[in-house]
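Inspection log for the structure reproduced underneath, given as structure tokens.
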Protein chains: 2
Amino acid sequence: MNKQVLTFLLLIFGFYCSRGEDGYRLWLRYDRIDNPTLLQQYRDNITCYDIKTTSSLLSTAKEELLTGLQGLLGKGIPEAQQEGCLFAGTPASSPLIQSLHLEQDLASVGKEGYIIRSIHYKDKHGIVIAAGKDIGVLYGVFHFLRLLQTHQDIRQLSMQEAPALSYRILDHWDNLNRTVERGYAGMSIWNWWTLPGYIDPRYKDYARANASIGINGAVLNNVNASPLMLTGDYLIKVRALANLFRSYGIKVYLSVKFSAPIEIGGLKTADPLDPEVQQWWRQKAGEIYRLIPDFGGFLVKANSEGQPGPQNYGRTHADGANLLADALAPHKGIVIWRAFVYSATPDDRAGQAYNEFKPLDGKFRSNVLLQVKNGPIDFQPREPFHPLFGAMPRTPMMVEFQLTQEYLGFSTHLVYLAPLFKECLDADTYTGLHPAGKGAPVASTISGMAGVANIGNDINWCGHPFAQANWYAFGRLAWGAETAGAGSASPSSGQIAEEWIRQTFTNDATVLQTIKEMMLASREIAVDYMTPLGLHHIMGYDHHYGPAPWYDKASRPDWNPVYYHQADTAGIGFDRTVTGSNVLQQYAPGARLLWEDARNCPDAWLLWWHHVPWDHRMQSGRTLWEELCHKYDTGVDSVRWMQKTWDRLKETVDKERWEQVQMLLAIQANEALWWRNACLLYFQTFSRKPLPAGANQPDHNLPYYENLKFNYAPGTSQ
Amino acid sequence: MNKQVLTFLLLIFGFYCSRGEDGYRLWLRYDRIDNPTLLQQYRDNITCYDIKTTSSLLSTAKEELLTGLQGLLGKGIPEAQQEGCLFAGTPASSPLIQSLHLEQDLASVGKEGYIIRSIHYKDKHGIVIAAGKDIGVLYGVFHFLRLLQTHQDIRQLSMQEAPALSYRILDHWDNLNRTVERGYAGMSIWNWWTLPGYIDPRYKDYARANASIGINGAVLNNVNASPLMLTGDYLIKVRALANLFRSYGIKVYLSVKFSAPIEIGGLKTADPLDPEVQQWWRQKAGEIYRLIPDFGGFLVKANSEGQPGPQNYGRTHADGANLLADALAPHKGIVIWRAFVYSATPDDRAGQAYNEFKPLDGKFRSNVLLQVKNGPIDFQPREPFHPLFGAMPRTPMMVEFQLTQEYLGFSTHLVYLAPLFKECLDADTYTGLHPAGKGAPVASTISGMAGVANIGNDINWCGHPFAQANWYAFGRLAWGAETAGAGSASPSSGQIAEEWIRQTFTNDATVLQTIKEMMLASREIAVDYMTPLGLHHIMGYDHHYGPAPWYDKASRPDWNPVYYHQADTAGIGFDRTVTGSNVLQQYAPGARLLWEDARNCPDAWLLWWHHVPWDHRMQSGRTLWEELCHKYDTGVDSVRWMQKTWDRLKETVDKERWEQVQMLLAIQANEALWWRNACLLYFQTFSRKPLPAGANQPDHNLPYYENLKFNYAPGTSQ
């Protein structure tokens with residue numbers, strides 16, 4: 001085809017596909033490769049395919065591969081075995097793969113891993129995507145498509161991958177009425193009302209997106225669970241989703257309410273040691289597995305924030321978890337028991353989960369996993385890793401991250417969370433076998449990762465166009481949380497950002513680099529304008545929107561910001577060392593060393609661990625008060641830097657997303673300034689010091705900020 | 001270009017635009033004309049354009065025209081004045097249009113109408129879209145694009161259009177927390193939380209869709225209004241939408257709570273005769289108009305279903321409406337006062353609005369419109385027209401239709417509502433000047449049409465892929481409710497369906513015809529399986545889902561189905577003639593004649609007007625009981641016919657929408673059968689007669705249907 005026709009073609013494409021970039025396609029866009037050299041390379045090396053579809057997973061793999069290649073190559077490829085053939089399958093499904101004798105390599109990548117390799121066979125060149133199990137083939141296919149989407153050279157492929165963690169699960173805090181607790185992207189994508197008869201096309205795209213990044217489980221409903229979820233009417237709806245998700249390697253889990261035997265079972269108690277209660281759960285498990293043979297299991301929030309649990313009956317969390325574990329065990333189901341519990345005592349909440357659970361190590365059934373939030377409080381912009389990691393060697397654990405930005409600006413702030421996830425996963429717990437326990441990062445102490453989903457029915461799924469990146473990063477990190485035995489390296493935050501940008505925005509190196517810099521800086525920027533220097537939990541009450549460090553009206557002391565910052569005329573910060581609540585001692589000695597001395601505790605953690613005088617000299621040479629002002633100002637200035645950076649991309653990013661992000665950055669800039677003004681004015685009432693020279697005066701006085709009201713904040717049950 | 005290349009092109013289009021048909025584009029798809037002959041005709045006759053953009057409305061017109069033509073012609077056209085030029089503008093904006101001396105014609109189409117005409121000028125051919133005002137140009141542009149989308153011949157154009165009604169308004173029953181009362185398509189498209197900073201791209205597409213069918217107003221919030229809507233925080237959000245909508249000729253209106261002066265104004269009363277209250281509303285109106293100079297006005301639900309109103313203070317509806325009208329009058333705003341009121345007396349609810357409002361004729365200010373539901377009860381599948389139409393000659397009126405399918409199967413049933421709208425609009429009120437008042441259809445008695453929107457944030461806007469057609473039909477009928485003076489003909493339900501199908505599915509004559517037949521039959525089918533023969537209001541309590549003719553537990557008698565069907569062993573139906581409630585006398589004599597004698601009252605209205613013995617002989621020769629059974633069976637069978645019809649279209653309709661509609665029709669078929677079984681079993685307890693020979697026995701017994709429970713039904717405040 002000559003160049004004129006090509007130009008014409010591209011022109012037509014532009015018109016024909018005039019539809020705006022609405023973000024619905026996530027990172028599975030599969031637009032035609034726009035680099036002619038690479039397009040030629042790909043077309044030369046992928047001329048036909050050979051995939052035997054002996055299972056629904058392999059059918060999915062084939063469908064995804066052909067859909068992706070059709071888009072990326074701009075043409076379909078035939079089923080054949082000529083030069084340049086792409087093979088995908090297992091030794092059981094593919095004679096060619098059988099003939100390659102990959103047994104040893106396949107054994108090393110385990111039941112979900114895969115190998116992608118350029119091969120030479122019968123005088124022909126080809127590419128093989130091989131796995132021991134069908135699900136590995138699907139994962140391999142998505143990896144292969146990612147290579148093309150990110151413009152990698154595919155002429156000499158030799159790679160193998162296996163997931164670091166077995167459980168890679170999204171937790172949906174979605175209610176049956178389709179509201180989403182802490183959801184900022186519309187309402188629940190689960191339309192329970194029209195299920196099971198109507199399968200929204202979105203359900204399939206959800207499964208595709210998850211499978212493409214290795215997510216293998218979904219908890220469909222809120223941990224503050226409705227007991228109705230376990231009734232027959234709803235289970236047939238759950239089955240409809242499970243039937244679809246099965247072909248994408250995704251197991252369905254449900255959050256259960258511990259008191260369900262009373263509420264929907266008609267029993268008088270939910271006591272875990274009551275035989276009738278045990279019988280009820282066994283029967284319920286049987287009912288579920290008759291409908292969904294590969295049902296994943298239960299997620300439980302018990303004796304936490306008003307939810308019922310075993311302690312209502314004088315039993316332990318282990319008694320409660322084991323009750324459900326025994327019911328699920330015959331079906332190979334698991335119980336994921338949340339460690340997010342705290343009582344209304346004046347204790348330091350940061351230490352309560354440890355105190356509650358540490359003594360139970362070894363008391364849980366083997367099919368129980370303990371799900372621990374990344375930090376000891378609650379998904380703050382920055383927290384130290386949770387002291388339970390590494391502290392319960394006989395109890396398998398999952399880390400729970402929050403993708404939805406409850407404390408990070410909702411879906412209006414651009415905050416790329418991979419650095420937050422990595423900070424936790426890479427943190428050394430000092431609980432290992434090496435001297436001083438060194439070399440035992442959080443990632444090495446866990447069996448799974450749960451992400452509280454940031455997904456809603458907004459067209460672009462996550463509200464902010466960049467919030468998708470957090471879903472993506474979660475999956476990629478759950479897959480590669482640390483260097484796995486099979487040799488797949490843990491991706492860096494930057495690598496993940498780059499992958500995502502290439503797949504969603506552009507492969508142009510300059511633009512890519514610019515966007516990546518914004519993303520990588522964004523989390524620290526949010527910390528700076530919200531909670532610098534180790535501050536935490538100083539946001540608005542209930543809705544958790546905006547700053548409210550002054551708030552002291554909650555029914556429990558540990559729901560009040562003032563409880564957490566402890567500001568007074570002497571200084572600011574929560575003393576958690578031996579002179580304070582001493583929850584520091586819950587950590588291994590090696591970890592403690594990092595934090596225990598205020599004189600060398602890193603700035604980022606200072607006020608988490610120490611109550612520090614206002615004139616404390618920081619490593620910068622500034623006083624604490626000056627440093628606090630400086631950090632807030634840096635946060636505000638950095639958002640303005642993001643705005644300017646984004647403005648520069650106007651001609652290189654599609655109009656729709658460019659405009660959306662521009663508007664959202666303006667909101668973020670206003671809110672960063674609001675955080676800075678409100679917090680500094682408030683803390684100034686204690687520090688009694690002026691703003692440093694050159695700092696701008698706030699636009700309003702403190703009462704103005706204290707009296708702001710927010711009606712109908714999203715994510716609450718208002 | 002040769003045929004091979006074309007084939008290749010089409011192939012590529014298919015791959016490149018592999019994205020599914022998600023329905024987002026509504027009837028503004030603008031895909032390239034797929035008929036080569038027509039494409040050539042259009043390209044020959046539209047070679048360039050000449051539009052001077054002297055206002056934001058003209059800028060919109062130009063943008064829409066160029067977007068549409070780029071898609072439809074598959075290429076852009078230059079700005080020029082050569083052969084085949086398309087001119088659009090007003091005499092003031094366009095020298096060419098000025099030179100055509102269209103003054104008389106333009107005067108005849110009024111301030112919103114337009115002319116589309118093939119012209120010959122300076123030895124060239126061209127097409128002109130001319131209007132007296134800028135908004136007419138925009139409407140003309142959309143009309144012109146519709147000609148192309150529906151494959152009309154444009155070689156000899158000569159048409160002029162003007163709207164029949166001045167007020168063409170969508171009423172959104174959207175709450176500030178984004179729930180939608182009686183909404184079945186997701187949550188509200190208004191994201192109040194992120195307004196005014198973030199302008200969702202959807203807002204513009206909403207405005208485009210409305211403008212394309214002539215809708216010129218939107219009431220943004222629920223008639224059960226939050227007083228917060230009128231606070232400054234929300235008014236700046238409303239302004240952001242108004243600023244956008246202005247360029248599409250759409251005015252913004254707000255529903256107001258009558259007691260707002262108390263709730264947000266701090267007054268002790270909302271008495272319309274209290275000077276402080278009057279002052280408060282005047283100030284509030286001033287505040288609104290400073291923000292939104294072209295604000296439309298207020299919609300009010302007062303003294304209705306628990307809402308406060310003037311009667312709380314012993315005042316009349318006229319006192320209440322005039323209070324607001326006086327506040328708005330200096331700004332040229334209007335008050336739309338709803339006539340949907342009824343007290344909790346044992347009176348026939350069907351007559352209460354008439355009794356309340358008829359005596360107030362002439363008592364309203366000139367900027368008050370009375371908004372009357374199409375029928376006297378509440379948006380039932382079939383009702384006679386409301387007796388107020390034609391009964392208050394000194395009071396301008398609007399008819400209120402419900403697009404959202406509260407009583408018509410939610411968004412899971414395919415029910416095309418144009419026949420319902422037309423049945424009302426065309427019904428003769430017999431209140432005219434001709435002998436016996438003949439020739440005064442409802443359409444001739446109104447100044448506007450309000451449609452309770454069926455729009456939510458579902459990707460396809462309305463939930464059911466066919467529900468969009470009701471939005472479309474509403475707009476087209478509001479524009480052409482009756483033959484207007486300027487000569488535009490009122491489109492038939494079939495014409496509107498055809499237009500919509502051509503723009504959304506296909507121009508293929510056979511497929512078009514098949515879909516059209518389904519659509520045109522669908523409303524009568526729903527009546528048959530839900531409420532045949534004049535039955536009404538026998539649906540489930542509160543959520544209004546499914547059949548519940550047995551229900552008698554409501555706190556008011558007239559919220560109970562048993563109140564409406566009056567079934568007993570003697571017969572069934574509500575006697576509203578002189579022997580009963582006699583609300584029939586509220587109608588003009590000519591109208592009464594149609595219904596007052598049970599012996600010749602049309603079957604469709606029989607049980608609305610008469611209590612009829614079970615063995616009453618129908619026009620078919622069947623007894624009433626047999627006819628009732630026959631109607632329900634016909635309804636069920638007809639849904640199955642729709643299913644079979646749709647199945648036949650599998651190869652000719654895109655996969656995505658075909659599958660969606662197939663699933664939804666299956667739900668509809670199940671629910672039609674449920675209605676039939678539940679209603680016949682229940683009514684059989686009175687008729688004491690067997691089902692006619694050949695009729696299927698219900699799957700369950702009556703208690704089964706009576707005990708069905710529905711949790712979290714959409715559209716309620718659960």
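Lettering and numbering for the structure tokens are positional, with chains as A, B, ... in the shown order, residues counted from 1 in each chain, and ligands counted from 1 in the shown order.
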
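The environment of Leu57 in chain A within 10 Å, counting only C-alpha atoms and disregarding residues fewer than 4 places along the same chain, consists of A:Thr53, A:Ala61, A:Lys62, A:Glu63, A:Lys133, A:Asp134, A:Ile135, A:Gly136, A:Val137, A:Leu138, A:Arg246, A:Ser247, A:Tyr248, A:Gly249.
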
With all heavy atoms kept, could you save the residues just selected as an mmCIF file, in the first residue's frame?
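Final output, saved to part30.cif:
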```cif
data_model
loop_
_atom_site.group_PDB
_atom_site.id
_atom_site.type_symbol
_atom_site.label_atom_id
_atom_site.label_comp_id
_atom_site.auth_asym_id
_atom_site.auth_seq_id
_atom_site.Cartn_x
_atom_site.Cartn_y
_atom_site.Cartn_z
ATOM 1 N N THR A 53 -7.804 -24.862 22.225
ATOM 2 C CA THR A 53 -8.615 -24.383 23.356
ATOM 3 C C THR A 53 -9.343 -25.548 24.012
ATOM 4 O O THR A 53 -10.510 -25.804 23.741
ATOM 5 C CB THR A 53 -9.627 -23.332 22.869
ATOM 6 O OG1 THR A 53 -10.366 -23.894 21.783
ATOM 7 C CG2 THR A 53 -8.909 -22.101 22.395
ATOM 8 N N ALA A 61 -7.730 -17.170 26.751
ATOM 9 C CA ALA A 61 -6.379 -16.783 26.314
ATOM 10 C C ALA A 61 -6.354 -16.520 24.812
ATOM 11 O O ALA A 61 -5.794 -15.522 24.344
ATOM 12 C CB ALA A 61 -5.381 -17.874 26.687
ATOM 13 N N LYS A 62 -7.004 -17.383 24.071
ATOM 14 C CA LYS A 62 -7.033 -17.217 22.608
ATOM 15 C C LYS A 62 -7.802 -15.953 22.220
ATOM 16 O O LYS A 62 -7.338 -15.154 21.397
ATOM 17 C CB LYS A 62 -7.675 -18.445 21.964
ATOM 18 C CG LYS A 62 -7.828 -18.342 20.458
ATOM 19 C CD LYS A 62 -8.392 -19.617 19.894
ATOM 20 C CE LYS A 62 -8.928 -19.414 18.482
ATOM 21 N NZ LYS A 62 -9.530 -20.645 17.949
ATOM 22 N N GLU A 63 -8.950 -15.763 22.837
ATOM 23 C CA GLU A 63 -9.766 -14.584 22.519
ATOM 24 C C GLU A 63 -8.993 -13.301 22.816
ATOM 25 O O GLU A 63 -8.982 -12.360 22.004
ATOM 26 C CB GLU A 63 -11.065 -14.630 23.332
ATOM 27 C CG GLU A 63 -12.007 -13.461 23.031
ATOM 28 C CD GLU A 63 -13.222 -13.424 23.956
ATOM 29 O OE1 GLU A 63 -13.421 -14.368 24.753
ATOM 30 O OE2 GLU A 63 -13.957 -12.424 23.893
ATOM 31 N N LYS A 133 -0.056 -24.858 33.726
ATOM 32 C CA LYS A 133 -1.515 -24.888 33.863
ATOM 33 C C LYS A 133 -2.120 -23.842 32.938
ATOM 34 O O LYS A 133 -1.479 -22.852 32.578
ATOM 35 C CB LYS A 133 -1.919 -24.573 35.310
ATOM 36 C CG LYS A 133 -1.339 -25.516 36.348
ATOM 37 C CD LYS A 133 -2.169 -26.781 36.455
ATOM 38 C CE LYS A 133 -1.630 -27.688 37.565
ATOM 39 N NZ LYS A 133 -2.241 -29.020 37.510
ATOM 40 N N ASP A 134 -3.390 -24.034 32.634
ATOM 41 C CA ASP A 134 -4.051 -23.143 31.680
ATOM 42 C C ASP A 134 -4.017 -21.681 32.113
ATOM 43 O O ASP A 134 -3.858 -20.782 31.285
ATOM 44 C CB ASP A 134 -5.507 -23.585 31.468
ATOM 45 C CG ASP A 134 -5.581 -24.968 30.833
ATOM 46 O OD1 ASP A 134 -4.530 -25.456 30.350
ATOM 47 O OD2 ASP A 134 -6.669 -25.565 30.830
ATOM 48 N N ILE A 135 -4.169 -21.449 33.417
ATOM 49 C CA ILE A 135 -4.193 -20.053 33.863
ATOM 50 C C ILE A 135 -2.870 -19.360 33.544
ATOM 51 O O ILE A 135 -2.841 -18.167 33.199
ATOM 52 C CB ILE A 135 -4.534 -19.943 35.368
ATOM 53 C CG1 ILE A 135 -4.572 -18.491 35.825
ATOM 54 C CG2 ILE A 135 -3.516 -20.711 36.229
ATOM 55 C CD1 ILE A 135 -5.625 -17.647 35.181
ATOM 56 N N GLY A 136 -1.780 -20.118 33.613
ATOM 57 C CA GLY A 136 -0.479 -19.551 33.270
ATOM 58 C C GLY A 136 -0.423 -19.097 31.817
ATOM 59 O O GLY A 136 0.235 -18.100 31.488
ATOM 60 N N VAL A 137 -1.106 -19.818 30.971
ATOM 61 C CA VAL A 137 -1.141 -19.433 29.553
ATOM 62 C C VAL A 137 -1.829 -18.074 29.410
ATOM 63 O O VAL A 137 -1.340 -17.182 28.706
ATOM 64 C CB VAL A 137 -1.879 -20.501 28.715
ATOM 65 C CG1 VAL A 137 -1.919 -20.078 27.243
ATOM 66 C CG2 VAL A 137 -1.213 -21.861 28.879
ATOM 67 N N LEU A 138 -2.950 -17.916 30.121
ATOM 68 C CA LEU A 138 -3.657 -16.626 30.046
ATOM 69 C C LEU A 138 -2.767 -15.494 30.555
ATOM 70 O O LEU A 138 -2.654 -14.443 29.906
ATOM 71 C CB LEU A 138 -4.955 -16.691 30.856
ATOM 72 C CG LEU A 138 -5.796 -15.405 30.878
ATOM 73 C CD1 LEU A 138 -6.233 -15.011 29.476
ATOM 74 C CD2 LEU A 138 -7.016 -15.558 31.788
ATOM 75 N N ARG A 246 -14.633 -17.220 36.329
ATOM 76 C CA ARG A 246 -13.860 -18.465 36.302
ATOM 77 C C ARG A 246 -12.973 -18.546 35.064
ATOM 78 O O ARG A 246 -11.837 -18.997 35.133
ATOM 79 C CB ARG A 246 -14.827 -19.661 36.350
ATOM 80 C CG ARG A 246 -14.159 -21.013 36.505
ATOM 81 C CD ARG A 246 -15.212 -22.094 36.725
ATOM 82 N NE ARG A 246 -15.921 -21.875 37.986
ATOM 83 C CZ ARG A 246 -17.233 -21.637 38.102
ATOM 84 N NH1 ARG A 246 -17.999 -21.604 37.026
ATOM 85 N NH2 ARG A 246 -17.770 -21.440 39.277
ATOM 86 N N SER A 247 -13.492 -18.096 33.947
ATOM 87 C CA SER A 247 -12.724 -18.167 32.692
ATOM 88 C C SER A 247 -11.585 -17.168 32.654
ATOM 89 O O SER A 247 -10.825 -17.128 31.691
ATOM 90 C CB SER A 247 -13.643 -17.897 31.501
ATOM 91 O OG SER A 247 -14.690 -18.823 31.491
ATOM 92 N N TYR A 248 -11.488 -16.346 33.677
ATOM 93 C CA TYR A 248 -10.375 -15.397 33.762
ATOM 94 C C TYR A 248 -9.503 -15.675 34.985
ATOM 95 O O TYR A 248 -8.676 -14.849 35.363
ATOM 96 C CB TYR A 248 -10.921 -13.958 33.807
ATOM 97 C CG TYR A 248 -11.611 -13.608 32.512
ATOM 98 C CD1 TYR A 248 -12.944 -13.949 32.305
ATOM 99 C CD2 TYR A 248 -10.922 -13.001 31.471
ATOM 100 C CE1 TYR A 248 -13.577 -13.686 31.107
ATOM 101 C CE2 TYR A 248 -11.549 -12.714 30.269
ATOM 102 C CZ TYR A 248 -12.874 -13.066 30.089
ATOM 103 O OH TYR A 248 -13.500 -12.799 28.897
ATOM 104 N N GLY A 249 -9.697 -16.849 35.585
ATOM 105 C CA GLY A 249 -8.860 -17.245 36.714
ATOM 106 C C GLY A 249 -9.138 -16.475 37.993
ATOM 107 O O GLY A 249 -8.278 -16.405 38.880
#
```

*Counting only C-alpha atoms, chain A residues within 7 Å of chain B, as a ChimeraX atom specification*: /A:12,15-17,31,70-71,74-75,176-177,187,193,197-198,459,663-664,667,712-713

*Please, which residues of range 13-123 of chain B, numbered as in this document, come out alpha helix (DSSP H) from DSSP, as a PyMOL selection string?*
chain B and resi 13-16+36-45+56-73+95-99+103-109

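When only C-alpha atoms are used to compute distances to Arg599 in chain A, the closest of the residues A:Arg617, A:His413, A:His611, A:Arg155 turns out to be A:Arg617.
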
_I'd like the neighbourhood of range 311-326 of chain A as a PyMOL selection string, where a residue qualifies if any of its atoms comes within 10 Å (using only C-alpha atoms), though same-chain residues fewer than 4 positions away should be ignored._
chain A and resi 256+258-259+269-274+277-279+281-282+285+297-300+302-303+307+330-339+356-357+360-370

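Here CA of Gly306 in chain B and CA of Leu417 in chain B stand 29.3 Å from one another.
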
*asked:* From a backbone DSSP assignment, name each residue in range 191-320 of chain A labelled strand (DSSP E), as a PyMOL selection string.
replied: chain A and resi 217-219+251-256+297-300

Based on the selection just made, write all heavy atoms of those residues as a short mmCIF file (atom, residue, chain, number, x, y, z; two decimals), in the first residue's frame.
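Produced file selection-v1.cif, reproduced below:
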```cif
data_model
loop_
_atom_site.label_atom_id
_atom_site.label_comp_id
_atom_site.auth_asym_id
_atom_site.auth_seq_id
_atom_site.Cartn_x
_atom_site.Cartn_y
_atom_site.Cartn_z
N GLY A 217 -8.53 -12.93 42.62
CA GLY A 217 -9.66 -13.05 43.52
C GLY A 217 -10.38 -11.73 43.67
O GLY A 217 -9.78 -10.66 43.48
N ALA A 218 -11.66 -11.80 43.98
CA ALA A 218 -12.46 -10.58 44.21
C ALA A 218 -13.44 -10.85 45.34
O ALA A 218 -14.22 -11.80 45.27
CB ALA A 218 -13.21 -10.17 42.95
N VAL A 219 -13.34 -10.02 46.38
CA VAL A 219 -14.35 -10.05 47.43
C VAL A 219 -15.42 -9.06 47.00
O VAL A 219 -15.15 -7.86 46.87
CB VAL A 219 -13.76 -9.63 48.79
CG1 VAL A 219 -14.84 -9.75 49.87
CG2 VAL A 219 -12.55 -10.46 49.14
N LYS A 251 -11.28 -16.04 41.38
CA LYS A 251 -12.20 -16.65 42.34
C LYS A 251 -13.01 -15.58 43.03
O LYS A 251 -12.52 -14.49 43.32
CB LYS A 251 -11.42 -17.44 43.39
CG LYS A 251 -10.94 -18.79 42.92
CD LYS A 251 -10.40 -19.61 44.09
CE LYS A 251 -9.93 -20.96 43.59
NZ LYS A 251 -9.43 -21.80 44.68
N VAL A 252 -14.22 -15.95 43.34
CA VAL A 252 -15.10 -15.04 44.06
C VAL A 252 -15.08 -15.35 45.55
O VAL A 252 -15.11 -16.50 45.96
CB VAL A 252 -16.53 -15.16 43.48
CG1 VAL A 252 -17.57 -14.71 44.47
CG2 VAL A 252 -16.63 -14.36 42.19
N TYR A 253 -14.98 -14.30 46.35
CA TYR A 253 -15.05 -14.38 47.81
C TYR A 253 -16.20 -13.49 48.28
O TYR A 253 -16.60 -12.58 47.57
CB TYR A 253 -13.76 -13.86 48.45
CG TYR A 253 -12.50 -14.62 48.09
CD1 TYR A 253 -11.90 -14.48 46.85
CD2 TYR A 253 -11.89 -15.46 49.03
CE1 TYR A 253 -10.74 -15.16 46.53
CE2 TYR A 253 -10.73 -16.15 48.72
CZ TYR A 253 -10.15 -15.99 47.47
OH TYR A 253 -9.00 -16.67 47.15
N LEU A 254 -16.69 -13.77 49.47
CA LEU A 254 -17.72 -12.89 50.05
C LEU A 254 -17.32 -12.45 51.44
O LEU A 254 -16.75 -13.23 52.22
CB LEU A 254 -19.06 -13.63 50.12
CG LEU A 254 -19.73 -13.99 48.79
CD1 LEU A 254 -21.01 -14.76 49.04
CD2 LEU A 254 -20.01 -12.74 47.96
N SER A 255 -17.63 -11.21 51.74
CA SER A 255 -17.56 -10.75 53.13
C SER A 255 -18.79 -11.29 53.85
O SER A 255 -19.89 -11.26 53.29
CB SER A 255 -17.58 -9.23 53.21
OG SER A 255 -16.41 -8.69 52.65
N VAL A 256 -18.59 -11.78 55.06
CA VAL A 256 -19.75 -12.30 55.79
C VAL A 256 -19.88 -11.57 57.12
O VAL A 256 -18.89 -11.11 57.71
CB VAL A 256 -19.65 -13.82 56.04
CG1 VAL A 256 -19.56 -14.56 54.72
CG2 VAL A 256 -18.47 -14.17 56.95
N GLY A 297 -13.81 -18.15 49.39
CA GLY A 297 -13.92 -18.21 50.84
C GLY A 297 -14.52 -16.92 51.39
O GLY A 297 -15.11 -16.13 50.66
N PHE A 298 -14.33 -16.74 52.69
CA PHE A 298 -14.95 -15.61 53.39
C PHE A 298 -13.91 -14.60 53.84
O PHE A 298 -12.83 -14.96 54.28
CB PHE A 298 -15.69 -16.10 54.65
CG PHE A 298 -16.86 -17.00 54.39
CD1 PHE A 298 -17.18 -18.01 55.30
CD2 PHE A 298 -17.65 -16.86 53.26
CE1 PHE A 298 -18.28 -18.85 55.10
CE2 PHE A 298 -18.75 -17.70 53.04
CZ PHE A 298 -19.06 -18.70 53.97
N LEU A 299 -14.31 -13.34 53.77
CA LEU A 299 -13.54 -12.26 54.39
C LEU A 299 -14.37 -11.76 55.57
O LEU A 299 -15.58 -11.58 55.44
CB LEU A 299 -13.32 -11.13 53.38
CG LEU A 299 -12.68 -9.83 53.91
CD1 LEU A 299 -11.25 -10.07 54.40
CD2 LEU A 299 -12.69 -8.76 52.82
N VAL A 300 -13.72 -11.57 56.71
CA VAL A 300 -14.49 -11.25 57.91
C VAL A 300 -13.91 -10.04 58.65
O VAL A 300 -12.71 -9.98 58.95
CB VAL A 300 -14.53 -12.44 58.89
CG1 VAL A 300 -15.59 -12.18 59.97
CG2 VAL A 300 -14.79 -13.74 58.18
#
```

*Please provide as a VMD selection string all residues within 12 Å of Trp479 in chain B, with the sequence filter that same-chain residues fewer than 4 positions apart are discarded (counting only C-alpha atoms).*
chain B and resid 112 to 113 139 143 161 to 169 210 to 216 443 447 to 450 472 to 475 483 to 484 488 to 491 496

*Compile the contact shell of Arg502 in chain B as JSON, numbers by chain: residues with an atom at most 10 Å away, counting only C-alpha atoms, same-chain residues fewer than 6 positions apart removed.*
{"B": [27, 146, 149, 150, 151, 496, 508, 509, 511, 512]}

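From CA of His544 in chain A back to CA of Ala526 in chain A, the distance works out to 14.8 Å.
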
*Within 10 Å of Ser620 in chain A using only C-alpha atoms, minus same-chain residues under 5 positions, as a PyMOL selection string*: chain A and resi 603+626-627

*Would you list the contacts of Val442 in chain B as a count of residues only, taking every protein, DNA or RNA residue within 7 Å and counting only C-alpha atoms, but skipping same-chain residues closer than 3 positions in sequence?*
9

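Atom pair CA of Gly715 in chain A / CA of Glu406 in chain A: separated by 8.2 Å.
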
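Ranking A:Leu65, A:Ala242, A:Ala548, A:Leu38 by their shortest atom-to-atom distance to Glu706 in chain A, with only C-alpha atoms included, puts A:Ala548 first.
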